[in-house]
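Enquirer: I am sharing structure10.cif, which consists of mmCIF, C-alpha atoms:
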data_entry
#
loop_
_atom_site.label_atom_id
_atom_site.label_comp_id
_atom_site.auth_asym_id
_atom_site.auth_seq_id
_atom_site.Cartn_x
_atom_site.Cartn_y
_atom_site.Cartn_z
CA MET A 43 -8.54 -9.40 -11.95
CA LEU A 44 -11.50 -7.31 -13.03
CA GLY A 45 -9.41 -4.30 -13.99
CA MET A 46 -6.15 -5.96 -15.07
CA THR A 47 -6.82 -9.19 -16.87
CA GLY A 48 -10.50 -9.84 -17.48
CA GLY A 49 -10.06 -12.95 -15.34
CA ARG A 50 -11.75 -13.62 -12.02
CA GLU A 51 -11.37 -15.21 -8.62
CA ARG A 52 -13.41 -18.43 -8.52
CA GLN A 53 -15.14 -20.61 -5.97
CA LEU A 54 -14.78 -24.38 -6.14
CA ALA A 55 -18.11 -24.84 -7.96
CA GLU A 56 -16.89 -22.42 -10.62
CA PHE A 57 -13.67 -24.44 -11.04
CA ASP A 58 -15.80 -27.57 -11.38
CA ALA A 59 -17.75 -25.95 -14.22
CA LEU A 60 -14.44 -25.22 -16.01
CA PHE A 61 -13.29 -28.82 -15.51
CA THR A 62 -16.55 -30.24 -16.84
CA ALA A 63 -16.36 -28.01 -19.92
CA SER A 64 -12.77 -29.21 -20.52
CA GLY A 65 -13.39 -32.95 -20.22
CA LEU A 66 -11.90 -33.10 -16.74
CA ARG A 67 -13.22 -33.99 -13.31
CA ARG A 68 -12.00 -32.82 -9.93
CA VAL A 69 -10.43 -35.64 -7.89
CA ASP A 70 -8.92 -33.84 -4.89
CA VAL A 71 -8.55 -30.55 -3.06
CA THR A 72 -5.70 -30.24 -0.57
CA PRO A 73 -4.93 -27.18 1.55
CA ALA A 74 -1.38 -25.96 0.89
CA GLY A 75 -0.39 -23.06 3.12
CA ALA A 76 -2.46 -20.02 2.24
CA PHE A 77 -3.68 -21.74 -0.93
CA ALA A 78 -5.17 -25.07 -1.96
CA VAL A 79 -4.13 -27.58 -4.61
CA ILE A 80 -7.05 -28.62 -6.82
CA GLU A 81 -6.36 -31.84 -8.75
CA ALA A 82 -8.31 -32.87 -11.83
CA GLN A 83 -8.07 -35.82 -14.22
CA PRO A 84 -9.43 -36.52 -17.71
CA THR A 85 -12.89 -38.06 -17.55
CA THR A 86 -12.06 -40.62 -20.26
CA MET D 139 -26.58 22.48 13.69
CA THR D 140 -23.79 21.42 15.96
CA SER D 141 -21.58 18.66 14.71
CA VAL D 142 -19.45 17.04 17.36
CA ARG D 143 -17.86 13.88 16.10
CA THR D 144 -18.09 10.81 18.25
CA SER D 145 -14.94 8.77 18.64
CA ALA D 146 -16.35 6.08 16.32
CA GLU D 147 -17.06 8.71 13.66
CA ALA D 148 -13.58 10.16 14.05
CA GLN D 149 -12.12 6.67 13.56
CA GLY D 150 -14.22 6.29 10.43
CA TYR D 151 -12.88 9.54 8.98
CA GLU D 152 -9.34 8.53 9.84
CA ARG D 153 -9.75 5.11 8.25
CA MET D 154 -11.30 6.59 5.13
CA MET D 155 -8.46 9.13 4.86
CA GLY D 156 -6.09 6.16 4.94
CA MET D 157 -8.03 4.43 2.17
CA VAL D 158 -8.30 7.51 -0.03
CA THR D 159 -4.58 8.23 0.24
CA GLY D 160 -3.51 4.59 -0.02
CA PHE D 161 -1.90 5.34 -3.37
CA TRP D 162 0.46 7.80 -1.66
CA VAL D 163 1.74 4.89 0.39
CA THR D 164 2.00 2.61 -2.65
CA GLN D 165 4.19 5.08 -4.53
CA THR D 166 6.25 5.91 -1.45
CA VAL D 167 7.00 2.20 -1.04
CA ARG D 168 7.81 2.07 -4.76
CA ALA D 169 10.40 4.82 -4.31
CA ALA D 170 11.80 3.08 -1.23
CA ALA D 171 12.15 -0.14 -3.24
CA LEU D 172 13.57 1.49 -6.39
CA TYR D 173 16.21 3.40 -4.42
CA ASN D 174 17.15 0.34 -2.41
CA LEU D 175 16.57 1.95 0.98
CA ALA D 176 16.33 -1.47 2.68
CA ASP D 177 19.75 -2.44 1.34
CA HIS D 178 21.34 0.89 2.26
CA LEU D 179 20.07 0.60 5.83
CA ALA D 180 20.73 -3.15 6.18
CA ALA D 181 24.20 -2.54 7.56
CA GLY D 182 23.03 0.06 10.06
CA THR D 183 22.24 3.74 10.28
CA ASP D 184 22.80 5.97 7.27
CA THR D 185 22.06 9.54 6.26
CA ALA D 186 19.80 10.83 3.52
CA GLU D 187 22.78 12.58 1.95
CA ALA D 188 24.79 9.35 1.66
CA ILE D 189 21.84 7.47 0.13
CA ALA D 190 21.11 10.35 -2.28
CA GLU D 191 24.76 10.29 -3.35
CA ALA D 192 24.70 6.52 -3.94
CA GLU D 193 21.38 6.59 -5.84
CA SER D 194 21.95 9.85 -7.74
CA THR D 195 18.78 11.37 -6.29
CA ASP D 196 18.05 14.85 -4.95
CA SER D 197 19.41 15.17 -1.42
CA ASP D 198 16.56 17.22 0.13
CA ALA D 199 13.87 15.15 -1.60
CA THR D 200 15.56 11.95 -0.44
CA ARG D 201 15.54 13.19 3.16
CA ARG D 202 11.83 13.94 2.82
CA LEU D 203 11.24 10.46 1.38
CA LEU D 204 13.07 8.92 4.35
CA ARG D 205 11.02 11.03 6.76
CA THR D 206 7.84 9.82 5.09
CA CYS D 207 9.11 6.24 5.31
CA ALA D 208 9.72 6.81 9.04
CA SER D 209 6.11 7.93 9.47
CA LEU D 210 5.05 4.65 7.84
CA GLY D 211 7.17 2.58 10.22
CA LEU D 212 9.79 1.63 7.62
CA MET D 213 12.59 3.34 9.54
CA THR D 214 13.30 5.35 12.64
CA SER D 215 15.23 8.59 13.14
CA ASP D 216 16.07 10.59 16.24
CA ASP D 217 17.33 13.71 14.49
CA GLY D 218 15.69 13.67 11.05
CA HIS D 219 19.08 13.09 9.39
CA HIS D 220 20.25 9.67 10.50
CA PHE D 221 17.90 6.79 9.67
CA THR D 222 17.75 3.17 10.86
CA GLY D 223 15.72 0.51 9.02
CA THR D 224 13.00 -1.53 10.75
CA SER D 225 12.06 -5.18 10.18
CA LEU D 226 9.19 -3.89 8.02
CA LEU D 227 11.67 -2.20 5.68
CA SER D 228 13.79 -5.34 5.49
CA THR D 229 10.95 -7.12 3.61
CA LEU D 230 12.22 -5.07 0.64
CA ARG D 231 15.83 -6.29 0.88
CA GLN D 232 17.26 -7.67 -2.35
CA ASP D 233 19.04 -10.56 -0.64
CA ASP D 234 15.83 -11.97 0.93
CA PRO D 235 14.51 -14.92 -1.16
CA HIS D 236 10.96 -13.90 -0.20
CA SER D 237 11.69 -10.23 -0.83
CA LEU D 238 8.71 -8.04 -1.72
CA ARG D 239 10.95 -5.52 -3.52
CA HIS D 240 10.06 -6.64 -7.04
CA PHE D 241 6.40 -6.95 -6.10
CA ALA D 242 6.45 -3.39 -4.76
CA ILE D 243 8.06 -2.16 -7.96
CA SER D 244 6.02 -4.14 -10.48
CA GLN D 245 2.62 -3.48 -8.90
CA SER D 246 3.23 0.27 -8.90
CA ALA D 247 4.82 0.48 -12.36
CA PRO D 248 2.81 1.85 -15.31
CA GLY D 249 1.73 -1.61 -16.54
CA HIS D 250 -0.43 -2.17 -13.46
CA TRP D 251 -0.70 1.38 -12.17
CA LEU D 252 -2.48 2.94 -15.15
CA PRO D 253 -5.23 0.29 -15.52
CA TRP D 254 -5.81 0.47 -11.73
CA GLY D 255 -6.58 4.14 -12.26
CA MET D 256 -9.57 3.02 -14.31
CA VAL D 257 -11.31 0.61 -11.92
CA PRO D 258 -14.64 2.52 -12.07
CA GLU D 259 -14.62 2.09 -15.85
CA ALA D 260 -13.93 -1.64 -15.41
CA VAL D 261 -16.93 -1.90 -13.10
CA ARG D 262 -19.15 0.07 -15.50
CA THR D 263 -18.20 -2.00 -18.55
CA GLY D 264 -17.19 -5.33 -17.02
CA ARG D 265 -14.00 -5.18 -19.09
CA HIS D 266 -10.35 -5.00 -18.05
CA GLN D 267 -8.67 -1.66 -18.70
CA VAL D 268 -5.30 -2.73 -20.10
CA THR D 269 -6.46 -1.96 -23.63
CA ALA D 270 -7.75 1.49 -22.67
CA ALA D 271 -4.61 2.27 -20.66
CA HIS D 272 -1.93 0.75 -22.89
CA GLY D 273 -3.48 -0.04 -26.25
CA GLU D 274 -2.65 -3.73 -25.76
CA ALA D 275 -4.98 -6.74 -25.78
CA THR D 276 -3.60 -8.07 -22.48
CA ILE D 277 -1.08 -7.08 -19.82
CA PHE D 278 1.14 -9.87 -21.17
CA ASP D 279 1.27 -8.18 -24.60
CA TYR D 280 2.29 -5.00 -22.76
CA PHE D 281 5.04 -6.93 -20.97
CA ALA D 282 6.32 -8.33 -24.26
CA LYS D 283 7.14 -4.74 -25.26
CA HIS D 284 8.37 -3.63 -21.81
CA LEU D 285 10.91 -6.27 -20.91
CA ASP D 286 12.23 -4.50 -17.79
CA GLU D 287 8.76 -4.44 -16.30
CA ALA D 288 8.20 -8.03 -17.47
CA SER D 289 11.35 -9.18 -15.73
CA SER D 290 10.42 -7.32 -12.55
CA PHE D 291 6.95 -8.90 -12.65
CA THR D 292 8.39 -12.40 -13.22
CA GLU D 293 10.80 -11.89 -10.34
CA SER D 294 7.98 -10.67 -8.08
CA MET D 295 5.90 -13.74 -8.89
CA SER D 296 8.93 -15.93 -8.15
CA ASN D 297 9.39 -14.26 -4.78
CA LEU D 298 5.74 -14.87 -3.96
CA SER D 299 5.86 -18.41 -5.36
CA ARG D 300 8.87 -19.60 -3.38
CA ALA D 301 7.04 -20.03 -0.09
CA ALA D 302 3.89 -21.37 -1.77
CA ALA D 303 6.02 -23.75 -3.87
CA LEU D 304 7.25 -25.57 -0.77
CA ASP D 305 3.66 -25.97 0.47
CA ILE D 306 2.51 -27.27 -2.91
CA ALA D 307 5.46 -29.67 -3.28
CA ALA D 308 4.69 -31.03 0.19
CA VAL D 309 1.11 -32.03 -0.65
CA LEU D 310 1.43 -33.14 -4.29
CA ASP D 311 2.22 -36.85 -4.69
CA THR D 312 4.42 -37.18 -7.78
CA LYS D 313 5.22 -40.90 -7.38
CA GLY D 314 4.88 -42.56 -10.78
CA VAL D 315 5.02 -39.24 -12.60
CA THR D 316 7.80 -39.17 -15.19
CA LEU D 317 7.43 -35.62 -16.48
CA ALA D 318 5.64 -32.69 -14.87
CA LEU D 319 5.25 -29.34 -16.61
CA ASP D 320 4.69 -25.98 -14.94
CA ILE D 321 2.27 -24.32 -17.38
CA GLY D 322 2.84 -20.57 -17.45
CA GLY D 323 5.42 -21.28 -14.77
CA ALA D 324 7.65 -18.24 -15.42
CA GLY D 325 10.72 -18.77 -13.21
CA GLY D 326 9.62 -22.34 -12.47
CA ASP D 327 9.67 -22.07 -8.70
CA VAL D 328 6.82 -24.52 -8.19
CA ILE D 329 8.14 -27.25 -10.48
CA ARG D 330 11.65 -26.84 -9.09
CA ALA D 331 10.37 -27.29 -5.54
CA MET D 332 8.53 -30.43 -6.71
CA MET D 333 11.74 -31.73 -8.32
CA ARG D 334 13.72 -31.12 -5.15
CA ALA D 335 11.03 -33.01 -3.19
CA ASN D 336 11.14 -35.94 -5.66
CA PRO D 337 14.63 -36.64 -7.07
CA GLU D 338 13.11 -39.03 -9.66
CA LEU D 339 10.95 -36.34 -11.21
CA ASP D 340 11.75 -34.70 -14.54
CA GLY D 341 10.20 -31.28 -14.91
CA GLY D 342 9.95 -28.25 -17.09
CA VAL D 343 8.46 -24.84 -17.64
CA PHE D 344 6.18 -24.07 -20.55
CA ASP D 345 5.73 -20.34 -20.99
CA LEU D 346 5.97 -17.61 -23.61
CA PRO D 347 9.27 -17.63 -25.53
CA HIS D 348 10.52 -14.36 -24.02
CA ILE D 349 9.82 -15.65 -20.49
CA VAL D 350 11.44 -19.10 -20.45
CA PRO D 351 15.15 -18.08 -20.58
CA ALA D 352 14.88 -16.82 -16.97
CA ALA D 353 13.68 -20.26 -15.84
CA ALA D 354 16.60 -21.94 -17.63
CA GLU D 355 19.04 -19.62 -15.86
CA ALA D 356 17.47 -20.21 -12.45
CA THR D 357 17.59 -23.97 -12.94
CA LYS D 358 21.29 -23.95 -13.79
CA ALA D 359 21.88 -22.05 -10.57
CA ASP D 360 20.19 -24.72 -8.42
CA GLY D 361 21.71 -27.72 -10.21
CA LEU D 362 18.48 -29.24 -11.52
CA ASP D 363 19.29 -28.55 -15.17
CA GLY D 364 20.05 -32.22 -15.96
CA ARG D 365 16.38 -33.16 -15.62
CA PHE D 366 14.81 -29.82 -16.45
CA THR D 367 13.50 -28.50 -19.76
CA THR D 368 12.10 -25.18 -20.86
CA ILE D 369 9.66 -24.99 -23.75
CA GLY D 370 8.51 -21.75 -25.35
CA GLY D 371 5.00 -21.54 -26.71
CA ASP D 372 1.45 -20.34 -26.14
CA PHE D 373 -0.92 -22.37 -23.96
CA PHE D 374 -3.85 -21.21 -26.10
CA ASP D 375 -2.36 -23.03 -29.12
CA SER D 376 -1.17 -26.26 -27.54
CA VAL D 377 0.59 -27.68 -24.51
CA PRO D 378 3.46 -30.20 -24.79
CA PRO D 379 2.80 -33.78 -23.60
CA ALA D 380 3.41 -34.56 -19.91
CA ASP D 381 2.04 -36.77 -17.12
CA LEU D 382 1.20 -33.92 -14.78
CA TYR D 383 0.50 -30.27 -15.38
CA VAL D 384 0.75 -27.59 -12.72
CA LEU D 385 -1.08 -24.32 -13.24
CA LYS D 386 -0.40 -21.85 -10.47
CA TYR D 387 -1.64 -18.24 -10.60
CA ILE D 388 -2.90 -18.91 -14.13
CA LEU D 389 -6.64 -19.46 -14.35
CA HIS D 390 -7.49 -16.35 -12.32
CA ASP D 391 -6.04 -14.28 -15.17
CA TRP D 392 -8.56 -15.51 -17.75
CA ASP D 393 -12.28 -15.59 -18.41
CA ASP D 394 -14.14 -18.91 -18.49
CA ALA D 395 -13.81 -19.47 -22.27
CA ASN D 396 -10.04 -18.94 -22.19
CA CYS D 397 -9.67 -21.15 -19.09
CA VAL D 398 -11.46 -23.94 -20.94
CA ARG D 399 -9.06 -23.53 -23.90
CA ILE D 400 -6.06 -23.83 -21.57
CA LEU D 401 -7.46 -26.82 -19.64
CA ASP D 402 -8.62 -28.51 -22.84
CA ASN D 403 -5.10 -28.19 -24.29
CA CYS D 404 -3.70 -29.78 -21.13
CA ARG D 405 -6.17 -32.66 -21.35
CA ALA D 406 -5.57 -33.26 -25.09
#
Would you mind writing the structure in this file as structure tokens?
Expert:
Amino acid sequence: MLGMTGGRERQLAEFDALFTASGLRRVDVTPAGAFAVIEAQPTT
Amino acid sequence: MTSVRTSAEAQGYERMMGMVTGFWVTQTVRAAALYNLADHLAAGTDTAEAIAEAESTDSDATRRLLRTCASLGLMTSDDGHHFTGTSLLSTLRQDDPHSLRHFAISQSAPGHWLPWGMVPEAVRTGRHQVTAAHGEATIFDYFAKHLDEASSFTESMSNLSRAAALDIAAVLDTKGVTLALDIGGAGGDVIRAMMRANPELDGGVFDLPHIVPAAAEATKADGLDGRFTTIGGDFFDSVPPADLYVLKYILHDWDDANCVRILDNCRA
């Protein structure tokens, strides 16, 4: 991510910061195989 | 000063040799994937000469490639001329829905390969190296001009997504959702798995205009096209209305400011 896209791998707290800045809030995290599904909803 | 290596030290040198020459392996696997070695050996034993003939490659060089592949555990050979594929090689077969062939090819193609050659510069500057390597703002702009590589990359992501898609579809409750959109969904594997899990669900892929035709094709093939839409656009401008948005392998590609633009467009 560093060399290819300028993106980054994120921890849950870093996702939460993105949600807050976008008017969303995290409502659920569910393990899904090797990954996890993070669900967020609009705050209003 | 005497220098007798302990066994732990020797292991360290051997491991480091493996790390330093890792790119040899990457490009050897690329050649194995490009020249379809897994498919040639799927039916049984074959010779380097026969494969070279079929792939229009140099016969001696092909034999040396196969020998190298044997040293990596991709095939076996008793006489150095006849080769038999292993289960490791079969992960590159074209007819495997989870095939790693396109991943092997796209990760080692110039689009990814050249910026990866500049990792130290990325660490020094904190910036990605696609612009320095390709003169493009992002790897996706590079793909827009290199459609063969783009299609290989899309296919590789689909291969990787297929297994994950089933896991995601199994845990996501889509009851009461009328329309779900796979944002940046490329081939649409995740949304299609969700639609197969919930026959009531309408779904679609929103991705760049040159990407979405592949999703439309794939959907026709699996018979979901009656309740499936593809929409071309740019998620930095706007995102079409829907009840549920899925973003898989998306946010990791972008910095925080761009992630907020994408998420904000989904919320709007």
Enquirer: If you count all atoms listed in the file, which residues fall within 12 Å of Phe77 in chain A, apart from same-chain ones fewer than 4 positions away, as number ranges by chain?
Expert: A: 71-73; D: 299, 301-306, 309, 386-387
Enquirer: Can you measure CA of Ala331 in chain D to CA of Ala307 in chain D for me? One decimal in Å is fine.
Expert: 5.9 Å
Enquirer: Kindly provide, as number ranges by chain, the residues of chain D having any atom no farther than 10 Å from an atom of chain A, counting all atoms listed in the file.
Expert: D: 249-261, 264-269, 275-278, 301-310, 382-386, 388-406
Enquirer: Can you turn the PyMOL selection byres ((chain D and resi 246) around 10) into a concrete residue list for this file, as a PyMOL selection string?
Expert: chain D and resi 161+164-169+240-245+247-252+254
Enquirer: Find the spatial neighbours of Pro337 in chain D, counting all atoms listed in the file, within a cut-off of 10 Å - ignore same-chain residues fewer than 4 positions away - and output them as a list in words.
Expert: Met332, Met333, Leu362 and Arg365 of chain D
Enquirer: What is the CA of Arg330 in chain D-CA of Leu172 in chain D distance in Å, reported with one decimal?
Expert: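 Taking CA of Arg330 in chain D as the start and CA of Leu172 in chain D as the end point, the length is 28.5 Å.
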Enquirer: Between CA of Leu339 in chain D and CA of Ser296 in chain D, what distance in Å does the model show, to one decimal?
Expert: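 CA of Ser296 in chain D lies 20.7 Å from CA of Leu339 in chain D.
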Enquirer: For the file shown, what are the residues hit by the PyMOL selection byres ((chain D and resi 353) around 10), laid out as a PyMOL selection string?
Expert: chain D and resi 292+323-327+330+342-345+349-352+354-359+366-368
Enquirer: Any chance you could work out the residue set of the PyMOL selection byres ((chain D and resi 206-220) around 9) here, as an mmCIF file with C-alpha atoms, in the coordinates of the input?
Expert:
data_model
loop_
_atom_site.group_PDB
_atom_site.id
_atom_site.type_symbol
_atom_site.label_atom_id
_atom_site.label_comp_id
_atom_site.auth_asym_id
_atom_site.auth_seq_id
_atom_site.Cartn_x
_atom_site.Cartn_y
_atom_site.Cartn_z
ATOM 1 C CA VAL D 163 1.740 4.890 0.390
ATOM 2 C CA THR D 166 6.250 5.910 -1.450
ATOM 3 C CA VAL D 167 7.000 2.200 -1.040
ATOM 4 C CA ALA D 170 11.800 3.080 -1.230
ATOM 5 C CA ALA D 176 16.330 -1.470 2.680
ATOM 6 C CA LEU D 179 20.070 0.600 5.830
ATOM 7 C CA THR D 183 22.240 3.740 10.280
ATOM 8 C CA ASP D 184 22.800 5.970 7.270
ATOM 9 C CA THR D 185 22.060 9.540 6.260
ATOM 10 C CA ALA D 186 19.800 10.830 3.520
ATOM 11 C CA GLU D 187 22.780 12.580 1.950
ATOM 12 C CA ARG D 201 15.540 13.190 3.160
ATOM 13 C CA ARG D 202 11.830 13.940 2.820
ATOM 14 C CA LEU D 203 11.240 10.460 1.380
ATOM 15 C CA LEU D 204 13.070 8.920 4.350
ATOM 16 C CA ARG D 205 11.020 11.030 6.760
ATOM 17 C CA PHE D 221 17.900 6.790 9.670
ATOM 18 C CA THR D 222 17.750 3.170 10.860
ATOM 19 C CA GLY D 223 15.720 0.510 9.020
ATOM 20 C CA THR D 224 13.000 -1.530 10.750
ATOM 21 C CA SER D 225 12.060 -5.180 10.180
ATOM 22 C CA LEU D 226 9.190 -3.890 8.020
ATOM 23 C CA LEU D 227 11.670 -2.200 5.680
ATOM 24 C CA SER D 228 13.790 -5.340 5.490
#
Enquirer: Do a neighbour search on Ser237 in chain D at 9 Å with only C-alpha atoms, toss out local chain neighbours closer than 3 positions, and write the hits as a ChimeraX atom specification.
Expert: /D:228-234,240-241,294,297-298
Enquirer: Quick one: residues within 10 Å of Ala282 in chain D, all atoms listed in the file counted, chain neighbours fewer than 4 positions away excluded, as number ranges by chain?
Expert: D: 277-278, 286-289, 346-349
Enquirer: Once 6 Å is added on each side, what centre and edge lengths in Å to one decimal does the axis-aligned box around all listed atoms of range 344-355 of chain D have, as AutoDock Vina command-line options?
Expert:
--center_x 12.4 --center_y -19.2 --center_z -20.7 --size_x 25.3 --size_y 21.7 --size_z 21.7
Enquirer: Would you fill out range 312-324 of chain D with N, CA and C atoms and return it as a PDB file, keeping the file's coordinate frame?
Expert:
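Result file result11.pdb:
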ATOM      1  N   THR D 312       3.946 -37.044  -6.403  1.00  0.00           N
ATOM      2  CA  THR D 312       4.420 -37.180  -7.780  1.00  0.00           C
ATOM      3  C   THR D 312       5.028 -38.559  -8.035  1.00  0.00           C
ATOM      4  N   LYS D 313       4.739 -39.525  -7.131  1.00  0.00           N
ATOM      5  CA  LYS D 313       5.220 -40.900  -7.380  1.00  0.00           C
ATOM      6  C   LYS D 313       4.580 -41.407  -8.679  1.00  0.00           C
ATOM      7  N   GLY D 314       5.411 -42.021  -9.537  1.00  0.00           N
ATOM      8  CA  GLY D 314       4.880 -42.560 -10.780  1.00  0.00           C
ATOM      9  C   GLY D 314       4.744 -41.534 -11.884  1.00  0.00           C
ATOM     10  N   VAL D 315       5.055 -40.275 -11.566  1.00  0.00           N
ATOM     11  CA  VAL D 315       5.020 -39.240 -12.600  1.00  0.00           C
ATOM     12  C   VAL D 315       6.417 -39.140 -13.211  1.00  0.00           C
ATOM     13  N   THR D 316       6.501 -39.274 -14.531  1.00  0.00           N
ATOM     14  CA  THR D 316       7.800 -39.170 -15.190  1.00  0.00           C
ATOM     15  C   THR D 316       8.131 -37.720 -15.480  1.00  0.00           C
ATOM     16  N   LEU D 317       7.164 -37.006 -16.086  1.00  0.00           N
ATOM     17  CA  LEU D 317       7.430 -35.620 -16.480  1.00  0.00           C
ATOM     18  C   LEU D 317       6.277 -34.723 -16.014  1.00  0.00           C
ATOM     19  N   ALA D 318       6.633 -33.681 -15.299  1.00  0.00           N
ATOM     20  CA  ALA D 318       5.640 -32.690 -14.870  1.00  0.00           C
ATOM     21  C   ALA D 318       6.006 -31.339 -15.492  1.00  0.00           C
ATOM     22  N   LEU D 319       5.018 -30.648 -16.007  1.00  0.00           N
ATOM     23  CA  LEU D 319       5.250 -29.340 -16.610  1.00  0.00           C
ATOM     24  C   LEU D 319       4.512 -28.250 -15.839  1.00  0.00           C
ATOM     25  N   ASP D 320       5.239 -27.149 -15.614  1.00  0.00           N
ATOM     26  CA  ASP D 320       4.690 -25.980 -14.940  1.00  0.00           C
ATOM     27  C   ASP D 320       4.191 -25.054 -16.066  1.00  0.00           C
ATOM     28  N   ILE D 321       2.860 -25.033 -16.235  1.00  0.00           N
ATOM     29  CA  ILE D 321       2.270 -24.320 -17.380  1.00  0.00           C
ATOM     30  C   ILE D 321       2.128 -22.839 -17.021  1.00  0.00           C
ATOM     31  N   GLY D 322       2.791 -21.988 -17.798  1.00  0.00           N
ATOM     32  CA  GLY D 322       2.840 -20.570 -17.450  1.00  0.00           C
ATOM     33  C   GLY D 322       3.657 -20.360 -16.191  1.00  0.00           C
ATOM     34  N   GLY D 323       4.689 -21.201 -16.033  1.00  0.00           N
ATOM     35  CA  GLY D 323       5.420 -21.280 -14.770  1.00  0.00           C
ATOM     36  C   GLY D 323       6.470 -20.215 -14.551  1.00  0.00           C
ATOM     37  N   ALA D 324       6.678 -19.348 -15.538  1.00  0.00           N
ATOM     38  CA  ALA D 324       7.650 -18.240 -15.420  1.00  0.00           C
ATOM     39  C   ALA D 324       8.997 -18.766 -14.925  1.00  0.00           C
TER      40      ALA D 324
END
